[in-house]
$ cat work34.cif   # mmCIF, C-alpha atoms
data_target
loop_
_atom_site.label_atom_id
_atom_site.label_comp_id
_atom_site.auth_asym_id
_atom_site.auth_seq_id
_atom_site.Cartn_x
_atom_site.Cartn_y
_atom_site.Cartn_z
CA MET A 9 87.06 13.54 64.18
CA THR A 10 86.74 13.14 60.40
CA VAL A 11 88.81 15.44 58.21
CA PRO A 12 86.75 17.87 56.04
CA LYS A 13 86.30 16.71 52.46
CA ASP A 14 88.15 19.68 50.95
CA SER A 15 91.24 19.14 53.11
CA PRO A 16 94.40 17.57 51.63
CA ILE A 17 94.68 13.80 51.92
CA TRP A 18 97.85 12.75 53.71
CA PHE A 19 99.19 9.25 53.18
CA GLY A 20 102.22 7.04 53.69
CA ILE A 21 103.59 4.24 51.53
CA GLY A 22 104.76 0.76 52.48
CA CYS A 23 105.14 -2.72 51.04
CA TYR A 24 102.65 -5.26 52.45
CA SER A 25 101.64 -8.60 51.02
CA PHE A 26 100.31 -12.02 51.96
CA GLU A 27 102.13 -15.28 51.27
CA ALA A 28 101.20 -18.95 51.29
CA PRO A 29 104.68 -20.37 51.94
CA GLY A 30 103.51 -23.91 52.67
CA GLU A 31 101.49 -24.39 49.47
CA ASP A 32 102.53 -25.86 46.12
CA LEU A 33 102.78 -22.79 43.91
CA LEU A 34 104.56 -24.26 40.88
CA LEU A 35 101.43 -24.06 38.73
CA MET A 36 100.02 -20.77 39.91
CA GLN A 37 99.05 -19.67 36.39
CA ASN A 38 97.36 -22.96 35.64
CA ARG A 39 93.72 -23.02 36.70
CA LYS A 40 94.08 -26.77 37.25
CA GLY A 41 97.11 -26.35 39.47
CA SER A 42 97.10 -27.70 42.99
CA TYR A 43 97.00 -24.15 44.37
CA ASN A 44 96.26 -21.27 42.03
CA VAL A 45 95.94 -17.50 42.35
CA TYR A 46 92.16 -17.72 42.73
CA ARG A 47 92.46 -20.04 45.74
CA TRP A 48 95.13 -17.76 47.19
CA ALA A 49 92.84 -14.71 46.89
CA GLU A 50 90.03 -16.60 48.61
CA ASP A 51 92.36 -17.62 51.43
CA VAL A 52 93.62 -14.04 51.85
CA GLU A 53 90.06 -12.73 52.10
CA ALA A 54 89.17 -15.43 54.65
CA ALA A 55 92.30 -14.59 56.67
CA LEU A 56 91.50 -10.87 56.73
CA LYS A 57 87.95 -11.61 57.87
CA MET A 58 89.40 -13.38 60.94
CA LEU A 59 90.51 -9.98 62.22
CA PRO A 60 87.62 -8.19 63.98
CA SER A 61 89.29 -4.78 63.62
CA LEU A 62 89.05 -4.89 59.81
CA ASP A 63 86.05 -3.63 57.83
CA ASN A 64 85.16 -2.95 54.17
CA ILE A 65 87.40 -5.77 52.93
CA THR A 66 87.52 -6.04 49.12
CA LEU A 67 89.76 -8.02 46.77
CA GLU A 68 89.60 -7.61 43.01
CA GLY A 69 91.51 -8.21 39.81
CA PHE A 70 93.65 -11.20 40.82
CA ARG A 71 94.16 -13.16 37.61
CA TYR A 72 97.88 -13.30 36.91
CA VAL A 73 101.07 -14.01 38.83
CA ARG A 74 104.65 -13.04 38.24
CA GLY A 75 107.28 -15.74 38.07
CA ASP A 76 105.99 -19.27 37.51
CA HIS A 77 109.47 -20.17 36.27
CA LYS A 78 112.01 -22.89 36.94
CA PRO A 79 113.94 -22.13 40.13
CA THR A 80 117.32 -20.42 39.67
CA TRP A 81 120.28 -20.27 42.05
CA CYS A 82 118.89 -16.93 43.26
CA ASP A 83 115.50 -18.46 44.08
CA ASN A 84 117.11 -21.41 45.82
CA PHE A 85 119.32 -19.13 47.90
CA ALA A 86 116.31 -17.01 48.88
CA LEU A 87 114.44 -20.15 49.90
CA MET A 88 117.42 -21.32 51.95
CA MET A 89 117.60 -17.97 53.75
CA ARG A 90 113.88 -18.02 54.53
CA GLU A 91 113.22 -21.72 55.18
CA ASP A 92 113.32 -21.28 58.95
CA SER A 93 110.80 -18.43 58.85
CA THR A 94 107.30 -19.60 57.93
CA ASP A 95 105.35 -17.35 60.29
CA GLY A 96 105.51 -14.26 58.10
CA GLY A 97 107.02 -10.94 59.08
CA ARG A 98 109.88 -9.17 57.34
CA HIS A 99 110.50 -10.33 53.78
CA GLU A 100 114.21 -11.04 53.36
CA GLY A 101 114.45 -10.76 49.59
CA GLY A 102 113.62 -12.95 46.63
CA ASP A 103 110.21 -13.36 45.05
CA LEU A 104 106.91 -13.62 46.91
CA LYS A 105 104.93 -16.87 47.17
CA PRO A 106 102.84 -16.13 45.21
CA HIS A 107 103.55 -12.83 43.50
CA PRO A 108 100.34 -11.58 41.83
CA SER A 109 101.00 -9.17 38.98
CA SER A 110 97.48 -7.76 39.01
CA GLY A 111 94.88 -7.03 41.64
CA ARG A 112 94.04 -4.85 44.59
CA ILE A 113 93.23 -5.37 48.29
CA ARG A 114 91.41 -2.69 50.29
CA PHE A 115 90.23 -2.56 53.88
CA THR A 116 89.69 -0.22 56.80
CA VAL A 117 91.34 -1.02 60.12
CA THR A 118 90.58 0.45 63.54
CA ILE A 119 93.51 0.42 66.00
CA PRO A 120 92.85 1.94 69.45
CA GLN A 121 95.63 4.08 70.89
CA HIS A 122 96.52 1.62 73.66
CA VAL A 123 96.89 -1.15 71.07
CA GLN A 124 99.06 1.11 68.93
CA GLN A 125 101.39 1.70 71.86
CA SER A 126 101.60 -2.03 72.59
CA VAL A 127 102.64 -2.96 69.03
CA LEU A 128 104.73 0.16 68.38
CA PRO A 129 105.86 2.21 71.40
CA LEU A 130 106.98 4.92 69.00
CA ALA A 131 103.27 5.63 68.35
CA GLU A 132 102.66 6.95 71.86
CA SER A 133 101.75 10.45 70.66
CA TYR A 134 99.75 9.38 67.59
CA LYS A 135 96.03 10.19 67.91
CA GLY A 136 94.43 8.71 64.79
CA THR A 137 92.79 5.28 65.14
CA VAL A 138 91.08 4.56 61.78
CA PHE A 139 93.23 3.77 58.73
CA GLU A 140 92.38 3.07 55.11
CA VAL A 141 94.73 0.55 53.48
CA ASP A 142 94.96 0.09 49.71
CA ILE A 143 97.44 -2.54 48.42
CA TRP A 144 98.14 -2.47 44.66
CA TYR A 145 99.72 -5.38 42.78
CA GLY A 146 101.48 -4.82 39.46
CA ASP A 147 104.71 -5.64 37.65
CA GLY A 148 106.81 -4.76 40.70
CA MET A 149 106.42 -5.54 44.36
CA PRO A 150 103.02 -4.75 45.95
CA VAL A 151 102.61 -1.19 47.17
CA ALA A 152 100.50 -0.32 50.22
CA PHE A 153 99.02 3.18 50.51
CA VAL A 154 97.98 3.95 54.10
CA ARG A 155 96.04 7.03 55.20
CA SER A 156 94.52 8.00 58.52
CA VAL A 157 90.88 9.00 58.31
CA GLU A 158 91.22 11.32 61.33
CA ARG A 159 94.74 12.71 61.07
CA THR A 160 96.14 15.18 58.56
CA ASP A 161 99.80 14.83 59.50
CA ASP A 162 102.53 12.27 60.23
CA PRO A 163 101.24 9.59 57.83
CA ALA A 164 104.56 7.76 57.68
CA ILE A 165 104.19 6.56 61.28
CA GLY A 166 100.71 5.33 60.36
CA VAL A 167 102.33 2.89 57.89
CA ALA A 168 104.43 1.45 60.73
CA ILE A 169 101.45 1.26 63.11
CA VAL A 170 99.33 -0.70 60.63
CA ARG A 171 102.27 -2.94 59.71
CA GLU A 172 103.04 -3.91 63.30
CA PHE A 173 99.36 -4.34 64.12
CA LEU A 174 98.81 -6.73 61.19
CA ARG A 175 101.92 -8.69 62.10
CA SER A 176 100.71 -9.08 65.68
CA GLU A 177 97.13 -9.95 64.70
CA PHE A 178 98.21 -12.57 62.15
CA GLU A 179 100.46 -14.24 64.70
CA GLN A 180 97.69 -14.35 67.30
CA ARG A 181 94.56 -15.02 65.21
CA VAL A 182 95.42 -16.24 61.70
CA ASN A 183 98.62 -18.29 61.46
CA ALA A 184 97.26 -21.33 63.26
CA ASN A 185 94.11 -21.46 61.11
CA SER A 186 95.19 -20.36 57.63
CA PRO A 187 97.94 -20.99 55.07
CA ILE A 188 98.27 -17.20 54.65
CA ARG A 189 101.06 -15.22 56.28
CA PHE A 190 101.43 -11.43 56.43
CA VAL A 191 104.77 -10.17 55.09
CA PHE A 192 106.26 -6.72 54.60
CA MET A 193 109.39 -5.12 53.28
CA GLY A 194 111.30 -2.07 54.44
CA PRO A 195 112.22 0.65 54.38
CA SER A 196 108.85 2.26 54.20
CA PRO A 197 109.37 4.71 51.32
CA MET A 198 111.26 6.21 52.57
CA TRP A 199 109.66 7.82 55.51
CA THR A 200 108.22 10.45 53.21
CA GLN A 201 105.12 12.39 54.22
CA CYS A 202 102.83 12.53 51.17
CA ALA A 203 99.87 14.84 50.66
CA VAL A 204 97.38 15.27 47.82
CA GLY A 205 95.64 18.62 47.64
CA PRO A 206 92.36 19.52 45.92
CA PRO A 207 92.70 19.61 42.12
CA LYS A 208 93.23 23.10 40.69
CA GLU A 209 91.45 24.82 37.84
CA GLY A 210 93.83 26.02 35.13
CA ALA A 211 96.92 24.24 36.54
CA GLU A 212 99.78 24.30 34.02
CA GLN A 213 100.73 20.63 34.50
CA PRO A 214 98.49 17.53 34.84
CA LEU A 215 100.48 16.62 37.97
CA GLU A 216 102.86 18.85 39.89
CA VAL A 217 105.09 17.63 42.73
CA THR A 218 106.58 19.82 45.46
CA ARG A 219 109.26 18.21 47.61
CA HIS A 220 111.34 19.51 50.50
CA ASP A 221 112.94 18.37 53.74
CA ALA A 222 110.78 18.49 56.86
CA VAL A 223 111.72 18.32 60.55
CA ARG A 224 111.47 14.52 60.83
CA TYR A 225 110.96 13.19 57.30
CA GLU A 226 110.88 14.42 53.74
CA PHE A 227 107.66 15.95 52.44
CA ALA A 228 106.06 15.52 49.00
CA ALA A 229 102.87 17.33 47.94
CA PHE A 230 100.93 16.35 44.79
CA THR A 231 98.72 18.84 42.97
CA LEU A 232 96.64 17.72 39.99
CA GLN A 233 94.93 19.61 37.23
CA LYS A 234 91.16 19.68 37.66
CA THR A 235 89.30 17.72 34.97
CA VAL A 236 85.97 15.97 34.54
CA GLU A 237 87.55 12.74 35.86
CA ILE A 238 89.51 14.46 38.65
CA ALA A 239 87.07 16.81 40.29
CA THR A 240 87.63 16.13 44.01
CA THR A 241 90.54 15.50 46.36
CA ALA A 242 89.48 11.84 46.57
CA ASP A 243 89.69 11.62 42.75
CA ALA A 244 93.14 13.18 42.89
CA TYR A 245 94.27 10.66 45.53
CA GLU A 246 93.18 7.74 43.33
CA ALA A 247 95.04 9.25 40.36
CA VAL A 248 98.22 9.72 42.40
CA LYS A 249 98.09 6.10 43.56
CA ARG A 250 97.79 4.93 39.96
CA THR A 251 100.75 7.12 39.02
CA LEU A 252 102.99 5.89 41.84
CA GLU A 253 102.10 2.19 41.96
CA GLU A 254 104.36 1.01 39.13
CA PRO A 255 107.53 3.04 39.87
CA VAL A 256 107.32 2.49 43.64
CA GLY A 257 106.66 -1.22 43.01
CA ARG A 258 109.85 -1.27 40.96
CA TYR A 259 111.65 0.50 43.78
CA TYR A 260 110.60 -2.27 46.15
CA ASP A 261 111.78 -4.81 43.58
CA LEU A 262 115.18 -3.19 43.89
CA VAL A 263 114.93 -3.30 47.69
CA SER A 264 114.14 -7.03 47.45
CA GLN A 265 117.07 -7.72 45.14
CA THR A 266 119.59 -5.72 47.15
CA THR A 267 118.37 -7.34 50.37
CA LEU A 268 119.00 -10.78 48.88
CA LEU A 269 122.34 -9.62 47.51
CA ARG A 270 123.43 -8.44 50.96
CA SER A 271 122.36 -11.80 52.44
CA HIS A 272 124.37 -13.61 49.78
CA ARG A 273 127.34 -11.41 50.57
CA ARG A 274 127.13 -12.35 54.27
CA PHE A 275 126.93 -16.03 53.26
CA ILE A 276 130.12 -15.66 51.19
CA GLU A 277 131.90 -13.78 53.98
CA PHE A 278 131.08 -16.55 56.48
CA ALA A 279 132.27 -19.21 54.02
CA LEU A 280 135.50 -17.28 53.49
CA GLU A 281 136.06 -16.96 57.25
CA ASP A 282 135.60 -20.73 57.68
CA LEU A 283 138.06 -21.39 54.87
CA VAL A 284 140.69 -19.02 56.29
CA GLU A 285 140.33 -20.54 59.77
CA ALA A 286 140.78 -24.03 58.33
CA HIS A 287 144.02 -22.93 56.69
CA ARG A 288 145.28 -21.23 59.84
CA SER A 289 144.67 -24.18 62.12
CA ARG A 290 147.58 -26.48 62.91
CA SER A 291 145.48 -29.48 63.99
CA PHE A 292 145.65 -32.81 62.14
CA ARG A 293 141.90 -32.64 61.47
CA ALA A 294 142.24 -29.23 59.80
CA TRP A 295 145.26 -30.45 57.83
CA SER A 296 143.40 -33.52 56.53
CA LYS A 297 140.39 -31.33 55.64
CA ARG A 298 142.66 -28.99 53.69
CA LEU A 299 144.29 -31.90 51.94
CA PHE A 300 141.16 -33.74 50.85
CA ARG A 301 138.52 -30.98 50.65
CA GLY A 302 140.45 -27.73 50.36
CA GLY A 303 140.30 -27.55 46.58
CA THR A 304 136.57 -28.30 46.49
CA ASP A 305 135.82 -25.67 49.15
CA VAL A 306 137.81 -23.02 47.26
CA ASN A 307 136.07 -23.85 43.98
CA ASP A 308 132.64 -23.73 45.65
CA LEU A 309 133.45 -20.33 47.14
CA MET A 310 134.62 -18.99 43.78
CA LEU A 311 131.38 -20.16 42.15
CA GLU A 312 129.37 -18.33 44.82
CA VAL A 313 131.44 -15.18 44.27
CA LEU A 314 130.93 -15.29 40.51
CA ALA A 315 127.19 -15.84 40.91
CA ALA A 316 126.96 -12.91 43.34
CA ASP A 317 128.98 -10.74 40.96
CA VAL A 318 126.61 -11.50 38.09
CA GLU A 319 123.62 -10.73 40.31
CA ARG A 320 125.21 -7.46 41.45
CA GLN A 321 125.68 -6.36 37.85
CA ARG A 322 122.08 -7.26 37.08
CA VAL A 323 120.84 -5.24 40.08
CA GLU A 324 122.94 -2.24 39.03
CA ALA A 325 121.51 -2.45 35.52
CA PHE A 326 118.03 -2.62 37.00
CA ALA A 327 118.77 0.41 39.21
CA ALA A 328 120.03 2.36 36.21
CA ASP A 329 116.49 2.19 34.85
CA ARG A 330 115.51 4.27 37.90
CA TRP A 331 111.84 5.14 38.06
CA ALA A 332 110.86 3.46 34.80
CA GLY A 333 110.54 6.87 33.16
CA SER A 334 108.30 8.33 35.88
CA GLU A 335 109.39 11.92 36.43
CA ASP A 336 106.63 12.38 39.00
CA ALA A 337 107.95 9.63 41.25
CA ALA A 338 111.52 10.83 40.82
CA SER A 339 110.42 14.34 41.80
CA ALA A 340 108.65 13.02 44.89
CA PHE A 341 111.25 10.58 46.21
CA GLY A 342 114.55 11.84 44.88
CA ASP A 343 117.66 9.67 45.00
CA LEU A 344 116.16 6.48 46.42
CA TRP A 345 117.42 4.46 43.48
CA GLU A 346 120.97 5.62 44.05
CA ARG A 347 120.78 4.74 47.75
CA GLU A 348 119.36 1.27 47.17
CA GLY A 349 121.19 0.51 43.93
CA SER A 350 124.73 1.27 45.07
CA ASN A 351 126.47 -2.01 45.87
CA GLN A 352 130.19 -1.98 46.52
CA ASN A 353 132.05 -4.54 44.44
CA TYR A 354 133.81 -6.73 47.01
CA THR A 355 134.38 -9.75 44.77
CA ASP A 356 137.95 -8.85 43.80
CA HIS A 357 139.06 -9.04 47.44
CA VAL A 358 137.36 -12.41 48.00
CA LYS A 359 138.79 -13.75 44.73
CA SER A 360 142.31 -12.74 45.78
CA VAL A 361 142.02 -14.53 49.13
CA ALA A 362 140.45 -17.63 47.54
CA GLU A 363 143.12 -17.75 44.83
CA MET A 364 145.87 -17.49 47.46
CA LEU A 365 144.33 -20.32 49.48
CA GLY A 366 143.86 -22.34 46.31
CA ALA A 367 147.53 -21.88 45.38
CA ARG A 368 148.52 -22.90 48.90
CA GLN A 369 146.32 -25.96 48.60
CA SER A 370 147.94 -26.89 45.27
CA ARG A 371 151.42 -26.61 46.75
CA SER A 372 150.40 -28.86 49.66
CA ILE A 373 149.09 -31.49 47.25
CA GLU A 374 152.25 -31.29 45.14
CA LEU A 375 154.41 -31.70 48.24
CA MET A 376 152.39 -34.73 49.38
CA THR A 377 152.63 -36.21 45.89
CA VAL A 378 156.45 -35.84 45.78
CA LEU A 379 156.79 -37.19 49.31
CA GLY A 380 154.52 -40.10 48.52
CA ALA A 381 156.43 -40.90 45.35
CA SER A 382 159.73 -40.75 47.22
CA LEU A 383 158.48 -43.07 49.94
CA LEU A 384 157.00 -45.49 47.44
CA GLY A 385 160.21 -45.35 45.45
CA GLY A 386 162.32 -46.17 48.51
CA VAL A 387 160.08 -49.03 49.55
CA ALA A 388 160.05 -50.45 46.03
CA GLY A 389 163.88 -50.18 45.84
CA ALA A 390 164.37 -51.95 49.16
CA ALA A 391 161.96 -54.69 48.17
CA LEU A 392 163.77 -55.22 44.85
CA THR A 393 167.19 -55.37 46.60
CA ALA A 394 165.92 -57.96 49.09
CA LEU A 395 164.46 -60.00 46.26
CA VAL A 396 167.73 -60.01 44.32
CA GLN A 397 169.71 -60.93 47.41
CA ALA A 398 167.36 -63.79 48.15
CA ALA A 399 167.69 -65.06 44.61
CA GLN A 400 171.47 -64.92 44.78
CA GLY A 401 171.51 -66.70 48.13
#

$ encode --input "work34.cif" --output "structure tokens"
Amino acid sequence: MTVPKDSPIWFGIGCYSFEAPGEDLLLMQNRKGSYNVYRWAEDVEAALKMLPSLDNITLEGFRYVRGDHKPTWCDNFALMMREDSTDGGRHEGGDLKPHPSSGRIRFTVTIPQHVQQSVLPLAESYKGTVFEVDIWYGDGMPVAFVRSVERTDDPAIGVAIVREFLRSEFEQRVNANSPIRFVFMGPSPMWTQCAVGPPKEGAEQPLEVTRHDAVRYEFAAFTLQKTVEIATTADAYEAVKRTLEEPVGRYYDLVSQTTLLRSHRRFIEFALEDLVEAHRSRSFRAWSKRLFRGGTDVNDLMLEVLAADVERQRVEAFAADRWAGSEDAASAFGDLWEREGSNQNYTDHVKSVAEMLGARQSRSIELMTVLGASLLGGVAGAALTALVQAAQG
């Protein structure tokens, strides 16, 4: 059943995009590049048209991409973490390939209830089957607005249903026949139920946000002032999407950066564990490794720690910017920046352990040097004595 036109529009928010991980994207902003943003948009449209459940597919405004820069250590690390995953799915941090900084993708998707339950068992009680998806690309990460045409509640679960359905459909129908892969990033803001009501005559503010805790998720209601441009609930929904796209895109940028930072932290922790185990072992192989490679391994670990520390400070500075001055988004989603931007500084502990192992390594080398000098000295002395005795004889 279709919701009456004067009813509030309920929607959820996620982060969906489409990558071409196997293509050469170094010249994305160059029209003469081997694979540019225009080709990517054509491939995305062709991939979406492979899915029979999708209708009303439109792509527009794709002219620019973010990035197009020389790879940094952060990019290389992200690539290393993702090189074994070329089938799409969860985005594990770093930049997208490509990352359009303008454009919009819209489509309608029909997902029968039995299919919903197969891709997401949590959706067993969900009754809506038709979803409108609107993916906005801007300066931050892409932002997907998802609303059910038939339901007026629980829109956050609709974001998860569409996400899991697209992941399943791309794996079954698209991946073998297209360079495009479907990717997504979590958490879905935030599991917040969002609703836009009809615009109000004589409202004191152009946009007013009401937020409170609900039984399952948080709830945010948007009420706009009625104007010539915003005369219907549908107009208000479009205005709210324009208001939220940039700050929520920046939020997902922070999610991407903190995700990569956590991956880098795990990489450092594993490297530290290997180094400690090598120093604890009493085997000759471990001893020789400590002797000839111990200093290099410690220095490499310290460089990783310093790089991660610099990145952590950059992420914290980025988080301090919060919602890029958007009071409306801050009112709707609260302390998300604090939750995502708080990264415990663990580098001092790792530095202390690495410095201790480095000092131990230096003492071992000094001991071997003294021992070697003593042995060489003794051998040289014995050889000189034998030579003198032979000369005297």

$ resolve_selection --input "work34.cif" --expression "the PyMOL selection byres ((chain A and resi 144-160) around 6)" --output "PyMOL selection string"
chain A and resi 9-11+18-24+109-112+136+138-143+161+167+257-258+260-261

$ residues_around --input "work34.cif" --residues "segment 100-108 of chain A" --least-positions-apart "2" --cutoff "7 Å" --atoms "all atoms listed in the file" --output "PyMOL selection string"
chain A and resi 27-29+33+70+72-74+83+86+98+110+145+264-265+267-268

$ atom_distance --input "work34.cif" --atom1 "atom CA of Glu31 of chain A" --atom2 "atom CA of Ser271 of chain A"
24.6 Å

$ atom_distance --input "work34.cif" --atom1 "atom CA of Arg273 of chain A" --atom2 "atom CA of Ser25 of chain A"
25.9 Å

$ closest_residue --input "work34.cif" --among "A:Pro120, A:Val191, A:Glu237, A:Ser186" --to "Glu50 of chain A" --atoms "all atoms listed in the file"
A:Ser186

$ atom_distance --input "work34.cif" --atom1 "atom CA of Pro214 of chain A" --atom2 "atom CA of Glu246 of chain A"
14.0 Å

$ closest_residue --input "work34.cif" --among "A:Pro16, A:Glu277, A:Leu67, A:Leu309" --to "Asp243 of chain A" --atoms "all atoms listed in the file"
A:Pro16

$ closest_residue --input "work34.cif" --among "A:Tyr245, A:Arg189, A:Thr235, A:Thr240" --to "Ala211 of chain A" --atoms "all atoms listed in the file"
A:Thr235

$ axis_aligned_box --input "work34.cif" --around "segment 13-27 of chain A" --padding-each-side "5 Å" --output "lines of an AutoDock Vina configuration file"
center_x = 95.7
center_y = 2.2
center_z = 52.3
size_x = 28.8
size_y = 45.0
size_z = 12.8

$ closest_residue --input "work34.cif" --among "A:Leu269, A:Val117, A:Ile17, A:Val127" --to "Leu56 of chain A" --atoms "only C-alpha atoms"
A:Val117

$ resolve_selection --input "work34.cif" --expression "the PyMOL selection byres ((chain A and resi 248) around 10)" --output "list of chain:residue names"
A:Ala203, A:Val204, A:Leu215, A:Phe230, A:Thr231, A:Leu232, A:Ala242, A:Asp243, A:Ala244, A:Tyr245, A:Glu246, A:Ala247, A:Lys249, A:Arg250, A:Thr251, A:Leu252, A:Glu253, A:Asp336, A:Ala337

$ residues_around --input "work34.cif" --residues "Glu179 of chain A" --least-positions-apart "6" --cutoff "12 Å" --atoms "only C-alpha atoms" --output "PyMOL selection string"
chain A and resi 55+58-59+94-97+172-173+185-186+188-191

$ build_atoms --input "work34.cif" --residues "segment 171-178 of chain A" --atoms "all heavy atoms" --output "PDB file, in the coordinates of the input"
ATOM      1  N   ARG A 171     101.388  -1.794  59.961  1.00  0.00           N
ATOM      2  CA  ARG A 171     102.270  -2.940  59.710  1.00  0.00           C
ATOM      3  C   ARG A 171     102.440  -3.791  60.957  1.00  0.00           C
ATOM      4  O   ARG A 171     102.263  -5.021  60.929  1.00  0.00           O
ATOM      5  CB  ARG A 171     103.631  -2.425  59.227  1.00  0.00           C
ATOM      6  CG  ARG A 171     104.659  -3.512  58.933  1.00  0.00           C
ATOM      7  CD  ARG A 171     106.038  -2.891  58.834  1.00  0.00           C
ATOM      8  NE  ARG A 171     106.511  -2.424  60.131  1.00  0.00           N
ATOM      9  CZ  ARG A 171     107.341  -1.379  60.290  1.00  0.00           C
ATOM     10  NH1 ARG A 171     107.753  -0.683  59.257  1.00  0.00           N
ATOM     11  NH2 ARG A 171     107.736  -1.049  61.506  1.00  0.00           N
ATOM     12  N   GLU A 172     102.805  -3.149  62.080  1.00  0.00           N
ATOM     13  CA  GLU A 172     103.040  -3.910  63.300  1.00  0.00           C
ATOM     14  C   GLU A 172     101.753  -4.502  63.856  1.00  0.00           C
ATOM     15  O   GLU A 172     101.752  -5.590  64.435  1.00  0.00           O
ATOM     16  CB  GLU A 172     103.716  -3.013  64.345  1.00  0.00           C
ATOM     17  CG  GLU A 172     105.114  -2.577  63.963  1.00  0.00           C
ATOM     18  CD  GLU A 172     106.020  -3.764  63.663  1.00  0.00           C
ATOM     19  OE1 GLU A 172     106.053  -4.712  64.476  1.00  0.00           O
ATOM     20  OE2 GLU A 172     106.680  -3.749  62.607  1.00  0.00           O
ATOM     21  N   PHE A 173     100.644  -3.807  63.672  1.00  0.00           N
ATOM     22  CA  PHE A 173      99.360  -4.340  64.120  1.00  0.00           C
ATOM     23  C   PHE A 173      98.998  -5.591  63.335  1.00  0.00           C
ATOM     24  O   PHE A 173      98.590  -6.612  63.923  1.00  0.00           O
ATOM     25  CB  PHE A 173      98.278  -3.273  63.968  1.00  0.00           C
ATOM     26  CG  PHE A 173      96.894  -3.770  64.317  1.00  0.00           C
ATOM     27  CD1 PHE A 173      96.512  -3.940  65.636  1.00  0.00           C
ATOM     28  CD2 PHE A 173      95.977  -4.081  63.320  1.00  0.00           C
ATOM     29  CE1 PHE A 173      95.241  -4.402  65.960  1.00  0.00           C
ATOM     30  CE2 PHE A 173      94.708  -4.543  63.632  1.00  0.00           C
ATOM     31  CZ  PHE A 173      94.335  -4.698  64.953  1.00  0.00           C
ATOM     32  N   LEU A 174      99.140  -5.554  62.007  1.00  0.00           N
ATOM     33  CA  LEU A 174      98.810  -6.730  61.190  1.00  0.00           C
ATOM     34  C   LEU A 174      99.734  -7.892  61.512  1.00  0.00           C
ATOM     35  O   LEU A 174      99.298  -9.042  61.578  1.00  0.00           O
ATOM     36  CB  LEU A 174      98.914  -6.365  59.704  1.00  0.00           C
ATOM     37  CG  LEU A 174      97.823  -5.443  59.157  1.00  0.00           C
ATOM     38  CD1 LEU A 174      98.088  -5.105  57.699  1.00  0.00           C
ATOM     39  CD2 LEU A 174      96.435  -6.066  59.312  1.00  0.00           C
ATOM     40  N   ARG A 175     101.005  -7.598  61.736  1.00  0.00           N
ATOM     41  CA  ARG A 175     101.920  -8.690  62.100  1.00  0.00           C
ATOM     42  C   ARG A 175     101.485  -9.345  63.398  1.00  0.00           C
ATOM     43  O   ARG A 175     101.434 -10.577  63.500  1.00  0.00           O
ATOM     44  CB  ARG A 175     103.353  -8.155  62.229  1.00  0.00           C
ATOM     45  CG  ARG A 175     104.307  -9.212  62.767  1.00  0.00           C
ATOM     46  CD  ARG A 175     105.747  -8.945  62.453  1.00  0.00           C
ATOM     47  NE  ARG A 175     106.284  -7.736  63.053  1.00  0.00           N
ATOM     48  CZ  ARG A 175     107.578  -7.428  63.024  1.00  0.00           C
ATOM     49  NH1 ARG A 175     108.435  -8.245  62.423  1.00  0.00           N
ATOM     50  NH2 ARG A 175     108.019  -6.316  63.578  1.00  0.00           N
ATOM     51  N   SER A 176     101.139  -8.544  64.389  1.00  0.00           N
ATOM     52  CA  SER A 176     100.710  -9.080  65.680  1.00  0.00           C
ATOM     53  C   SER A 176      99.405  -9.861  65.554  1.00  0.00           C
ATOM     54  O   SER A 176      99.271 -10.972  66.103  1.00  0.00           O
ATOM     55  CB  SER A 176     100.560  -7.944  66.688  1.00  0.00           C
ATOM     56  OG  SER A 176     100.037  -8.401  67.905  1.00  0.00           O
ATOM     57  N   GLU A 177      98.432  -9.307  64.834  1.00  0.00           N
ATOM     58  CA  GLU A 177      97.130  -9.950  64.700  1.00  0.00           C
ATOM     59  C   GLU A 177      97.233 -11.273  63.936  1.00  0.00           C
ATOM     60  O   GLU A 177      96.569 -12.259  64.291  1.00  0.00           O
ATOM     61  CB  GLU A 177      96.164  -9.010  63.986  1.00  0.00           C
ATOM     62  CG  GLU A 177      95.689  -7.853  64.838  1.00  0.00           C
ATOM     63  CD  GLU A 177      94.773  -8.325  65.966  1.00  0.00           C
ATOM     64  OE1 GLU A 177      93.576  -8.577  65.705  1.00  0.00           O
ATOM     65  OE2 GLU A 177      95.262  -8.449  67.110  1.00  0.00           O
ATOM     66  N   PHE A 178      98.054 -11.325  62.895  1.00  0.00           N
ATOM     67  CA  PHE A 178      98.210 -12.570  62.150  1.00  0.00           C
ATOM     68  C   PHE A 178      98.842 -13.644  63.025  1.00  0.00           C
ATOM     69  O   PHE A 178      98.455 -14.818  62.974  1.00  0.00           O
ATOM     70  CB  PHE A 178      99.035 -12.338  60.882  1.00  0.00           C
ATOM     71  CG  PHE A 178      98.191 -12.115  59.658  1.00  0.00           C
ATOM     72  CD1 PHE A 178      97.516 -10.923  59.484  1.00  0.00           C
ATOM     73  CD2 PHE A 178      98.040 -13.111  58.702  1.00  0.00           C
ATOM     74  CE1 PHE A 178      96.719 -10.707  58.365  1.00  0.00           C
ATOM     75  CE2 PHE A 178      97.242 -12.910  57.590  1.00  0.00           C
ATOM     76  CZ  PHE A 178      96.580 -11.709  57.417  1.00  0.00           C
TER      77      PHE A 178
END
